[in-house]
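> This one is run02.cif, mmCIF, C-alpha atoms and all ligand atoms.
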data_protein
#
loop_
_atom_site.group_PDB
_atom_site.id
_atom_site.type_symbol
_atom_site.label_atom_id
_atom_site.label_comp_id
_atom_site.auth_asym_id
_atom_site.auth_seq_id
_atom_site.Cartn_x
_atom_site.Cartn_y
_atom_site.Cartn_z
ATOM 1 C CA MET A 1 0.000 0.000 0.000
ATOM 2 C CA HIS A 2 1.333 3.484 -0.904
ATOM 3 C CA ALA A 3 2.163 5.847 1.967
ATOM 4 C CA ARG A 4 -0.591 8.192 0.820
ATOM 5 C CA SER A 5 -3.227 5.407 0.933
ATOM 6 C CA VAL A 6 -2.012 4.374 4.407
ATOM 7 C CA THR A 7 -2.346 7.969 5.573
ATOM 8 C CA ALA A 8 -5.815 8.206 4.047
ATOM 9 C CA SER A 9 -6.907 4.967 5.752
ATOM 10 C CA ILE A 10 -5.607 6.106 9.139
ATOM 11 C CA THR A 11 -7.313 9.475 8.717
ATOM 12 C CA ALA A 12 -10.593 7.731 7.865
ATOM 13 C CA LEU A 13 -10.277 5.458 10.907
ATOM 14 C CA LEU A 14 -9.513 8.405 13.181
ATOM 15 C CA GLY A 15 -12.524 10.246 11.756
ATOM 16 C CA ALA A 16 -14.798 7.286 12.488
ATOM 17 C CA ALA A 17 -13.326 6.919 15.985
ATOM 18 C CA ALA A 18 -13.948 10.603 16.651
ATOM 19 C CA LEU A 19 -17.631 10.093 15.910
ATOM 20 C CA LEU A 20 -17.868 6.933 18.021
ATOM 21 C CA PHE A 21 -15.736 8.160 20.924
ATOM 22 C CA PRO A 22 -15.986 11.935 21.256
ATOM 23 C CA MET A 23 -13.185 13.450 23.359
ATOM 24 C CA SER A 24 -15.384 14.423 26.273
ATOM 25 C CA PRO A 25 -17.834 11.695 27.282
ATOM 26 C CA ALA A 26 -20.223 14.190 28.762
ATOM 27 C CA GLY A 27 -20.005 17.064 26.281
ATOM 28 C CA ALA A 28 -20.083 20.326 28.169
ATOM 29 C CA ALA A 29 -20.306 18.755 31.596
ATOM 30 C CA ASP A 30 -17.453 18.596 34.043
ATOM 31 C CA THR A 31 -16.556 14.979 34.890
ATOM 32 C CA SER A 32 -16.461 15.846 38.652
ATOM 33 C CA GLY A 33 -20.242 16.294 38.714
ATOM 34 C CA THR A 34 -19.965 20.007 39.465
ATOM 35 C CA PRO A 35 -21.954 21.948 36.873
ATOM 36 C CA VAL A 36 -19.904 23.821 34.322
ATOM 37 C CA VAL A 37 -20.360 27.581 34.428
ATOM 38 C CA VAL A 38 -21.038 29.466 31.202
ATOM 39 C CA ALA A 39 -20.501 33.213 30.818
ATOM 40 C CA HIS A 40 -23.815 34.419 29.356
ATOM 41 C CA ARG A 41 -23.205 36.729 26.363
ATOM 42 C CA GLY A 42 -19.630 36.736 27.690
ATOM 43 C CA GLY A 43 -19.047 38.160 31.160
ATOM 44 C CA SER A 44 -22.064 40.390 30.543
ATOM 45 C CA GLY A 45 -22.492 41.440 34.153
ATOM 46 C CA TYR A 46 -19.146 43.204 33.898
ATOM 47 C CA ALA A 47 -18.772 44.259 30.263
ATOM 48 C CA PRO A 48 -21.144 45.003 27.371
ATOM 49 C CA GLU A 49 -22.819 41.762 26.298
ATOM 50 C CA ASN A 50 -21.687 39.827 23.239
ATOM 51 C CA THR A 51 -18.535 41.918 22.721
ATOM 52 C CA LEU A 52 -14.864 41.001 22.683
ATOM 53 C CA ALA A 53 -14.546 42.897 25.970
ATOM 54 C CA ALA A 54 -17.095 40.500 27.476
ATOM 55 C CA VAL A 55 -15.089 37.508 26.253
ATOM 56 C CA ASP A 56 -11.950 39.043 27.766
ATOM 57 C CA ARG A 57 -13.760 39.609 31.037
ATOM 58 C CA ALA A 58 -14.880 35.974 31.193
ATOM 59 C CA ALA A 59 -11.314 34.863 30.495
ATOM 60 C CA ALA A 60 -9.943 37.158 33.203
ATOM 61 C CA LEU A 61 -12.362 35.530 35.636
ATOM 62 C CA GLY A 62 -11.076 32.103 34.579
ATOM 63 C CA ILE A 63 -14.372 31.088 32.963
ATOM 64 C CA GLU A 64 -13.917 28.492 30.264
ATOM 65 C CA TRP A 65 -17.317 28.489 28.533
ATOM 66 C CA VAL A 66 -18.703 31.578 26.784
ATOM 67 C CA GLU A 67 -22.219 31.896 25.350
ATOM 68 C CA ASN A 68 -23.153 34.249 22.501
ATOM 69 C CA ASP A 69 -25.966 35.107 20.055
ATOM 70 C CA VAL A 70 -25.428 35.004 16.305
ATOM 71 C CA GLN A 71 -27.459 36.858 13.636
ATOM 72 C CA ARG A 72 -26.823 37.978 10.036
ATOM 73 C CA THR A 73 -26.386 41.342 8.361
ATOM 74 C CA LYS A 74 -28.019 42.519 5.126
ATOM 75 C CA ASP A 75 -24.897 41.563 3.191
ATOM 76 C CA GLY A 76 -24.519 38.126 4.761
ATOM 77 C CA THR A 77 -21.959 38.615 7.538
ATOM 78 C CA LEU A 78 -22.610 36.848 10.810
ATOM 79 C CA VAL A 79 -22.492 39.190 13.786
ATOM 80 C CA VAL A 80 -22.773 38.631 17.519
ATOM 81 C CA VAL A 81 -25.736 40.526 18.945
ATOM 82 C CA HIS A 82 -28.766 39.465 20.983
ATOM 83 C CA ASP A 83 -31.752 41.587 19.928
ATOM 84 C CA ASP A 84 -33.063 41.524 16.362
ATOM 85 C CA ASP A 85 -32.693 45.303 16.316
ATOM 86 C CA LEU A 86 -29.721 47.449 17.243
ATOM 87 C CA ARG A 87 -31.328 50.028 19.538
ATOM 88 C CA ARG A 88 -30.739 48.624 23.024
ATOM 89 C CA THR A 89 -27.059 47.783 22.745
ATOM 90 C CA THR A 90 -25.736 50.317 20.236
ATOM 91 C CA ASP A 91 -26.054 53.953 19.187
ATOM 92 C CA ALA A 92 -27.741 52.995 15.880
ATOM 93 C CA GLU A 93 -30.595 55.470 16.387
ATOM 94 C CA GLU A 94 -28.111 58.355 16.620
ATOM 95 C CA VAL A 95 -25.790 57.229 13.837
ATOM 96 C CA PHE A 96 -28.579 56.219 11.425
ATOM 97 C CA PRO A 97 -31.594 58.356 12.457
ATOM 98 C CA GLY A 98 -33.669 57.563 9.378
ATOM 99 C CA ARG A 99 -33.348 53.799 9.534
ATOM 100 C CA SER A 100 -36.171 52.766 11.900
ATOM 101 C CA PRO A 101 -36.719 50.032 13.106
ATOM 102 C CA TRP A 102 -32.949 49.427 13.058
ATOM 103 C CA LYS A 103 -33.154 45.690 12.394
ATOM 104 C CA VAL A 104 -29.838 43.834 12.259
ATOM 105 C CA LYS A 105 -30.890 42.280 8.925
ATOM 106 C CA ASP A 106 -31.354 45.738 7.339
ATOM 107 C CA PHE A 107 -27.779 46.927 7.987
ATOM 108 C CA THR A 108 -24.554 45.985 6.232
ATOM 109 C CA ALA A 109 -21.569 44.708 8.153
ATOM 110 C CA ALA A 110 -19.714 47.956 7.404
ATOM 111 C CA GLU A 111 -22.581 49.992 8.868
ATOM 112 C CA ILE A 112 -22.763 47.869 12.010
ATOM 113 C CA ALA A 113 -18.996 48.135 12.410
ATOM 114 C CA ARG A 114 -19.423 51.914 12.851
ATOM 115 C CA LEU A 115 -21.671 51.539 15.894
ATOM 116 C CA ASP A 116 -20.684 51.997 19.515
ATOM 117 C CA ALA A 117 -21.756 48.871 21.398
ATOM 118 C CA GLY A 118 -20.176 49.822 24.713
ATOM 119 C CA SER A 119 -21.378 53.242 25.897
ATOM 120 C CA TRP A 120 -24.889 52.000 26.770
ATOM 121 C CA PHE A 121 -23.243 49.766 29.369
ATOM 122 C CA SER A 122 -20.668 52.214 30.711
ATOM 123 C CA PRO A 123 -18.715 55.204 29.353
ATOM 124 C CA SER A 124 -15.535 53.246 30.014
ATOM 125 C CA PHE A 125 -16.495 50.864 27.171
ATOM 126 C CA ARG A 126 -17.059 53.627 24.636
ATOM 127 C CA GLY A 127 -15.928 52.569 21.171
ATOM 128 C CA THR A 128 -16.479 48.850 21.762
ATOM 129 C CA ARG A 129 -17.821 47.298 18.549
ATOM 130 C CA VAL A 130 -20.372 44.652 17.606
ATOM 131 C CA PRO A 131 -18.075 41.775 16.695
ATOM 132 C CA THR A 132 -18.438 39.534 13.702
ATOM 133 C CA LEU A 133 -18.697 35.839 14.511
ATOM 134 C CA GLU A 134 -15.250 35.416 13.011
ATOM 135 C CA GLN A 135 -13.761 38.001 15.397
ATOM 136 C CA PHE A 136 -15.620 36.504 18.340
ATOM 137 C CA VAL A 137 -14.453 32.948 17.639
ATOM 138 C CA ARG A 138 -10.869 34.138 17.230
ATOM 139 C CA ARG A 139 -10.971 35.844 20.620
ATOM 140 C CA VAL A 140 -12.451 32.740 22.277
ATOM 141 C CA GLU A 141 -9.729 30.673 20.623
ATOM 142 C CA ARG A 142 -7.013 33.068 21.744
ATOM 143 C CA HIS A 143 -8.115 32.568 25.343
ATOM 144 C CA GLY A 144 -8.382 28.779 24.929
ATOM 145 C CA GLN A 145 -12.064 28.997 25.880
ATOM 146 C CA LYS A 146 -15.095 26.987 24.758
ATOM 147 C CA LEU A 147 -18.134 28.279 22.890
ATOM 148 C CA LEU A 148 -21.858 27.793 23.444
ATOM 149 C CA LEU A 149 -23.047 29.426 20.234
ATOM 150 C CA GLU A 150 -26.713 30.389 19.975
ATOM 151 C CA ILE A 151 -28.268 30.820 16.563
ATOM 152 C CA LYS A 152 -30.697 33.648 17.353
ATOM 153 C CA ASN A 153 -33.951 34.230 15.446
ATOM 154 C CA PRO A 154 -33.055 31.726 12.686
ATOM 155 C CA GLU A 155 -36.468 32.237 11.072
ATOM 156 C CA LEU A 156 -35.255 35.720 10.030
ATOM 157 C CA TYR A 157 -32.129 34.364 8.367
ATOM 158 C CA PRO A 158 -32.753 31.386 6.050
ATOM 159 C CA GLY A 159 -29.588 29.315 5.717
ATOM 160 C CA ILE A 160 -27.894 30.774 8.816
ATOM 161 C CA GLU A 161 -27.048 27.284 10.039
ATOM 162 C CA ARG A 162 -24.914 26.582 6.971
ATOM 163 C CA ASP A 163 -23.353 30.061 7.192
ATOM 164 C CA THR A 164 -22.491 29.508 10.853
ATOM 165 C CA LEU A 165 -20.885 26.138 10.190
ATOM 166 C CA LYS A 166 -18.907 27.695 7.341
ATOM 167 C CA VAL A 167 -17.405 30.342 9.622
ATOM 168 C CA LEU A 168 -16.654 27.713 12.250
ATOM 169 C CA ALA A 169 -14.998 25.494 9.635
ATOM 170 C CA ASN A 170 -12.930 28.389 8.265
ATOM 171 C CA GLU A 171 -11.745 29.161 11.788
ATOM 172 C CA GLY A 172 -10.738 25.544 12.440
ATOM 173 C CA TRP A 173 -13.553 24.957 14.907
ATOM 174 C CA LEU A 174 -14.963 21.845 13.268
ATOM 175 C CA ASP A 175 -11.926 19.669 13.865
ATOM 176 C CA ARG A 176 -12.027 16.724 16.266
ATOM 177 C CA GLN A 177 -10.770 18.684 19.261
ATOM 178 C CA HIS A 178 -13.276 21.506 18.969
ATOM 179 C CA VAL A 179 -16.365 19.441 18.190
ATOM 180 C CA GLY A 180 -15.464 16.888 20.844
ATOM 181 C CA ASP A 181 -14.887 19.244 23.709
ATOM 182 C CA ARG A 182 -15.142 22.937 22.938
ATOM 183 C CA LEU A 183 -18.264 23.663 20.929
ATOM 184 C CA VAL A 184 -22.030 23.374 21.345
ATOM 185 C CA VAL A 185 -24.500 25.047 18.949
ATOM 186 C CA GLN A 186 -27.900 25.823 20.455
ATOM 187 C CA SER A 187 -31.149 27.534 19.470
ATOM 188 C CA PHE A 188 -34.727 28.029 20.639
ATOM 189 C CA SER A 189 -35.701 26.721 17.197
ATOM 190 C CA ALA A 190 -35.846 22.923 17.053
ATOM 191 C CA ALA A 191 -35.795 23.135 13.253
ATOM 192 C CA SER A 192 -32.542 25.088 13.382
ATOM 193 C CA VAL A 193 -30.943 22.643 15.830
ATOM 194 C CA ARG A 194 -32.015 19.734 13.637
ATOM 195 C CA THR A 195 -30.532 21.432 10.570
ATOM 196 C CA VAL A 196 -27.173 21.924 12.307
ATOM 197 C CA HIS A 197 -27.187 18.256 13.304
ATOM 198 C CA GLU A 198 -28.037 17.122 9.782
ATOM 199 C CA LEU A 199 -25.378 19.332 8.189
ATOM 200 C CA LYS A 200 -22.626 18.374 10.663
ATOM 201 C CA PRO A 201 -23.607 15.353 12.771
ATOM 202 C CA ALA A 202 -20.377 15.514 14.786
ATOM 203 C CA VAL A 203 -21.273 18.929 16.260
ATOM 204 C CA ARG A 204 -22.970 18.854 19.664
ATOM 205 C CA THR A 205 -26.236 20.736 19.817
ATOM 206 C CA GLY A 206 -28.637 22.122 22.396
ATOM 207 C CA LEU A 207 -32.340 22.937 22.275
ATOM 208 C CA LEU A 208 -33.274 25.966 24.360
ATOM 209 C CA GLY A 209 -36.541 25.790 26.267
ATOM 210 C CA LYS A 210 -38.406 23.255 28.380
ATOM 211 C CA PRO A 211 -40.253 20.857 26.093
ATOM 212 C CA PRO A 212 -42.674 18.308 27.585
ATOM 213 C CA VAL A 213 -41.000 15.096 28.729
ATOM 214 C CA GLY A 214 -43.076 13.154 26.208
ATOM 215 C CA ASP A 215 -41.401 15.050 23.372
ATOM 216 C CA LEU A 216 -37.845 14.393 24.565
ATOM 217 C CA PRO A 217 -37.284 11.139 22.628
ATOM 218 C CA GLY A 218 -37.898 13.060 19.394
ATOM 219 C CA TYR A 219 -35.471 15.833 20.326
ATOM 220 C CA ALA A 220 -32.860 13.328 21.518
ATOM 221 C CA ALA A 221 -32.428 12.289 17.885
ATOM 222 C CA PHE A 222 -30.642 15.566 17.115
ATOM 223 C CA ALA A 223 -29.963 17.478 20.370
ATOM 224 C CA ASP A 224 -27.371 16.646 23.031
ATOM 225 C CA GLN A 225 -28.689 19.236 25.475
ATOM 226 C CA ILE A 226 -32.052 20.571 26.622
ATOM 227 C CA ASN A 227 -31.428 24.037 28.056
ATOM 228 C CA PRO A 228 -34.323 25.557 30.036
ATOM 229 C CA SER A 229 -34.807 28.696 32.074
ATOM 230 C CA TYR A 230 -34.100 28.026 35.741
ATOM 231 C CA ALA A 231 -37.372 29.708 36.809
ATOM 232 C CA SER A 232 -39.626 26.661 36.578
ATOM 233 C CA LEU A 233 -36.953 23.969 36.680
ATOM 234 C CA THR A 234 -37.365 20.927 38.959
ATOM 235 C CA SER A 235 -35.096 18.041 39.869
ATOM 236 C CA GLY A 236 -37.662 15.713 38.308
ATOM 237 C CA TYR A 237 -37.419 17.462 34.953
ATOM 238 C CA VAL A 238 -33.606 17.391 35.034
ATOM 239 C CA ALA A 239 -33.612 13.661 35.824
ATOM 240 C CA ALA A 240 -36.145 13.006 33.064
ATOM 241 C CA VAL A 241 -33.981 14.786 30.484
ATOM 242 C CA GLN A 242 -30.837 13.001 31.632
ATOM 243 C CA SER A 243 -32.543 9.611 31.322
ATOM 244 C CA PHE A 244 -32.439 9.891 27.521
ATOM 245 C CA ARG A 245 -29.367 9.486 25.353
ATOM 246 C CA GLY A 246 -28.563 12.022 22.680
ATOM 247 C CA PRO A 247 -27.309 11.591 19.132
ATOM 248 C CA HIS A 248 -23.743 10.963 20.318
ATOM 249 C CA GLY A 249 -24.718 8.225 22.755
ATOM 250 C CA SER A 250 -24.276 10.240 25.980
ATOM 251 C CA PRO A 251 -27.081 11.178 28.385
ATOM 252 C CA LEU A 252 -28.808 14.405 27.433
ATOM 253 C CA GLU A 253 -27.448 17.329 29.415
ATOM 254 C CA VAL A 254 -29.235 20.259 31.034
ATOM 255 C CA LEU A 255 -27.687 23.748 31.034
ATOM 256 C CA THR A 256 -29.960 26.254 32.731
ATOM 257 C CA TRP A 257 -30.136 30.065 32.414
ATOM 258 C CA THR A 258 -29.824 32.817 33.501
ATOM 259 C CA VAL A 259 -28.766 32.281 37.106
ATOM 260 C CA ASN A 260 -27.296 35.410 38.654
ATOM 261 C CA ASP A 261 -27.245 34.775 42.397
ATOM 262 C CA ALA A 262 -25.573 32.275 44.668
ATOM 263 C CA ALA A 263 -28.750 30.880 46.261
ATOM 264 C CA ALA A 264 -30.358 30.077 42.913
ATOM 265 C CA ALA A 265 -27.073 28.586 41.676
ATOM 266 C CA ARG A 266 -26.921 26.248 44.667
ATOM 267 C CA ARG A 267 -30.557 25.311 44.185
ATOM 268 C CA VAL A 268 -30.208 24.303 40.533
ATOM 269 C CA ALA A 269 -26.886 22.576 41.222
ATOM 270 C CA GLY A 270 -28.864 20.492 43.739
ATOM 271 C CA TYR A 271 -31.219 19.508 40.932
ATOM 272 C CA GLY A 272 -28.244 17.903 39.187
ATOM 273 C CA VAL A 273 -27.917 20.242 36.205
ATOM 274 C CA ASP A 274 -24.861 19.831 34.010
ATOM 275 C CA GLY A 275 -24.287 23.529 33.507
ATOM 276 C CA ILE A 276 -25.325 26.973 34.712
ATOM 277 C CA ILE A 277 -25.367 29.977 32.386
ATOM 278 C CA SER A 278 -24.814 33.297 34.159
ATOM 279 C CA ASN A 279 -24.077 36.991 33.641
ATOM 280 C CA VAL A 280 -21.907 36.790 36.785
ATOM 281 C CA PRO A 281 -20.187 33.447 36.278
ATOM 282 C CA ASP A 282 -17.676 34.017 39.069
ATOM 283 C CA VAL A 283 -20.533 34.336 41.587
ATOM 284 C CA VAL A 284 -22.009 31.055 40.383
ATOM 285 C CA ARG A 285 -18.641 29.300 40.351
ATOM 286 C CA ASP A 286 -17.955 30.395 43.916
ATOM 287 C CA ALA A 287 -21.412 29.241 44.983
ATOM 288 C CA VAL A 288 -21.262 25.761 43.463
ATOM 289 C CA GLY A 289 -17.604 25.096 44.121
HETATM 290 O O1 LIG B 1 -28.080 30.503 26.635
HETATM 291 C C1 LIG B 1 -29.327 30.730 27.169
HETATM 292 C C2 LIG B 1 -29.876 32.096 26.975
HETATM 293 O O2 LIG B 1 -28.956 32.902 26.327
HETATM 294 C C3 LIG B 1 -31.152 32.114 26.252
HETATM 295 O O3 LIG B 1 -31.782 33.342 26.341
HETATM 296 O O4 LIG B 1 -32.496 35.505 25.466
HETATM 297 O O5 LIG B 1 -30.389 35.344 26.738
HETATM 298 O O6 LIG B 1 -30.528 34.427 24.456
HETATM 299 P P1 LIG B 1 -31.263 34.718 25.721
HETATM 300 CA CA CA B 2 -28.390 33.571 24.163
#
Write the structure described by the file as structure tokens, please.
Ligand code: G3P
Ligand code: CA


Amino acid sequence: MHARSVTASITALLGAAALLFPMSPAGAADTSGTPVVVAHRGGSGYAPENTLAAVDRAAALGIEWVENDVQRTKDGTLVVVHDDDLRRTTDAEEVFPGRSPWKVKDFTAAEIARLDAGSWFSPSFRGTRVPTLEQFVRRVERHGQKLLLEIKNPELYPGIERDTLKVLANEGWLDRQHVGDRLVVQSFSAASVRTVHELKPAVRTGLLGKPPVGDLPGYAAFADQINPSYASLTSGYVAAVQSFRGPHGSPLEVLTWTVNDAAAARRVAGYGVDGIISNVPDVVRDAVG
């Protein structure tokens, strides 16, 4: 056998092994049983949400997992911003006064790059920009962090799942190491989560919300996580979710949001959740050990 064919065979075997034996047996979860802590929209209690400054803040706090929200501009660039319009977290109304209702999808990437996404939070963050997904992923990579990427409002952006996977692939985030241990793609839209799974079965996925237990077997075909609000969460629901196995053969995980005080963090940790998503991740980490 030629050296090139041997290399190809080994690569194929490694690829198959990666699918059968993902690097982390429990996806996002910490093997110690302590829930992982995720910095919601970055360290958004301390820096403007979904910005590179928020990623830096999470890193400075020693938080490994960062969550974000991805949407798409008029000219097809993926940007990291939560609301479907730009008013709350930027100065779009001032910079573009005639452009009501200031929807993300109605602005080009160059226009959004002009906006100040920091002053609303604090004058000390003046000049902070809305990052592109590419910039955001690079910053997460630079810090050696992990990414819980939310596809936000996918119904507004047909094909955003493929676009998102393309950026991740270009940035080297769809290799074995990243998909095994450092990346989860989530959405409130089951259709969007299913699409991500169908396009790239190796990528771990999460469905946001609290679907009825009877529907979980259907979701377990394409989602590795069920990620509900902590408000109405119970230990029974967490146990029910974890009793199913996801598309990669591991028990479904539960990451709950948005927990911003120590008492609530201890309560949901007692329910057995796999992860806690928080604007103040250091507070949660200190509370749950
Ligand atoms: O990751 C969970 C959480 O981010 C979902 O809600 O509105 O903050 O995107 P939202
Ligand atoms: Ca989110």

> With the file shown as input, list the residues that the PyMOL selection byres (((chain A and resi 156) around 12) and not hetatm) selects, as a PyMOL selection string.

chain A and resi 70-74+84-85+103-106+151-155+157-161+189+192

> Can I get the selection written as a short mmCIF file (atom, residue, chain, number, x, y, z; two decimals), keeping the file's coordinate frame, with C-alpha atoms?


data_model
loop_
_atom_site.label_atom_id
_atom_site.label_comp_id
_atom_site.auth_asym_id
_atom_site.auth_seq_id
_atom_site.Cartn_x
_atom_site.Cartn_y
_atom_site.Cartn_z
CA VAL A 70 -25.43 35.00 16.30
CA GLN A 71 -27.46 36.86 13.64
CA ARG A 72 -26.82 37.98 10.04
CA THR A 73 -26.39 41.34 8.36
CA LYS A 74 -28.02 42.52 5.13
CA ASP A 84 -33.06 41.52 16.36
CA ASP A 85 -32.69 45.30 16.32
CA LYS A 103 -33.15 45.69 12.39
CA VAL A 104 -29.84 43.83 12.26
CA LYS A 105 -30.89 42.28 8.93
CA ASP A 106 -31.35 45.74 7.34
CA ILE A 151 -28.27 30.82 16.56
CA LYS A 152 -30.70 33.65 17.35
CA ASN A 153 -33.95 34.23 15.45
CA PRO A 154 -33.06 31.73 12.69
CA GLU A 155 -36.47 32.24 11.07
CA TYR A 157 -32.13 34.36 8.37
CA PRO A 158 -32.75 31.39 6.05
CA GLY A 159 -29.59 29.32 5.72
CA ILE A 160 -27.89 30.77 8.82
CA GLU A 161 -27.05 27.28 10.04
CA SER A 189 -35.70 26.72 17.20
CA SER A 192 -32.54 25.09 13.38
#

> I'd like the interatomic distance between atom CA of A:Gly76 and atom CA of A:Val137, to a tenth of an Å.

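These atoms are spaced 17.1 Å apart.
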
> All residues within 9 Å of ligand LIG 1 (chain B) are required, counting all atoms listed in the file; please report them as a PyMOL selection string.

chain A and resi 38+40-41+67-69+82-83+148-152+186-188+208-209+227-229+255-258+277-278

> Name the residues in contact with stretch 241-245 of chain A at a cut-off of 8 Å, using all atoms listed in the file, excluding same-chain residues fewer than 3 positions from it; report them as a ChimeraX atom specification.

/A:213,216-217,220,224,226,237-238,248-254

> What do you get, as a compact mmCIF listing (two decimals) with C-alpha atoms, in the frame of the given file, if you spell out every residue that the PyMOL selection byres (((chain A and resi 263-265) around 8) and not hetatm) selects here?


# COMPACT_ATOMS: atom_id res chain seq x y z
CA VAL A 259 -28.77 32.28 37.11
CA ASN A 260 -27.30 35.41 38.65
CA ASP A 261 -27.24 34.78 42.40
CA ALA A 262 -25.57 32.28 44.67
CA ARG A 266 -26.92 26.25 44.67
CA ARG A 267 -30.56 25.31 44.18
CA VAL A 268 -30.21 24.30 40.53
CA ALA A 269 -26.89 22.58 41.22
CA ILE A 276 -25.32 26.97 34.71
CA VAL A 284 -22.01 31.06 40.38
CA ALA A 287 -21.41 29.24 44.98
CA VAL A 288 -21.26 25.76 43.46

> Closest to ligand CA 2 (chain B) among A:Ala47, A:Ala190, A:Leu207, A:Ala202, using only C-alpha atoms and all ligand atoms?

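Using only C-alpha atoms and all ligand atoms, ligand CA 2 (chain B) sits closest to A:Leu207.
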
> Find the smallest box with edges along x, y and z containing every listed atom of stretch 234-239 of chain A, then add 3 Å on each side and report centre and edge lengths in Å to one decimal, as lines of an AutoDock Vina configuration file.


center_x = -35.6
center_y = 17.3
center_z = 37.4
size_x = 10.1
size_y = 13.3
size_z = 10.9

> Mind giving me the straight-line distance from atom CA of A:Ala92 to atom CA of A:Trp120 in Å, one decimal?

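These atoms are spaced 11.3 Å apart.
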
> For each of A:Arg204, A:Phe121, A:Phe136, A:Arg114, take the minimum atom-to-atom distance to A:Arg176, counting all atoms listed in the file, then give the residue where this is smallest.

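Between A:Arg204, A:Phe121, A:Phe136, A:Arg114, the residue approaching A:Arg176 most closely is A:Arg204.
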
> Pull out every residue that the PyMOL selection byres (((chain A and resi 115) around 9) and not hetatm) matches in the shown coordinates and put them as a ChimeraX atom specification.

/A:90-92,95,111-114,116-117,127-130
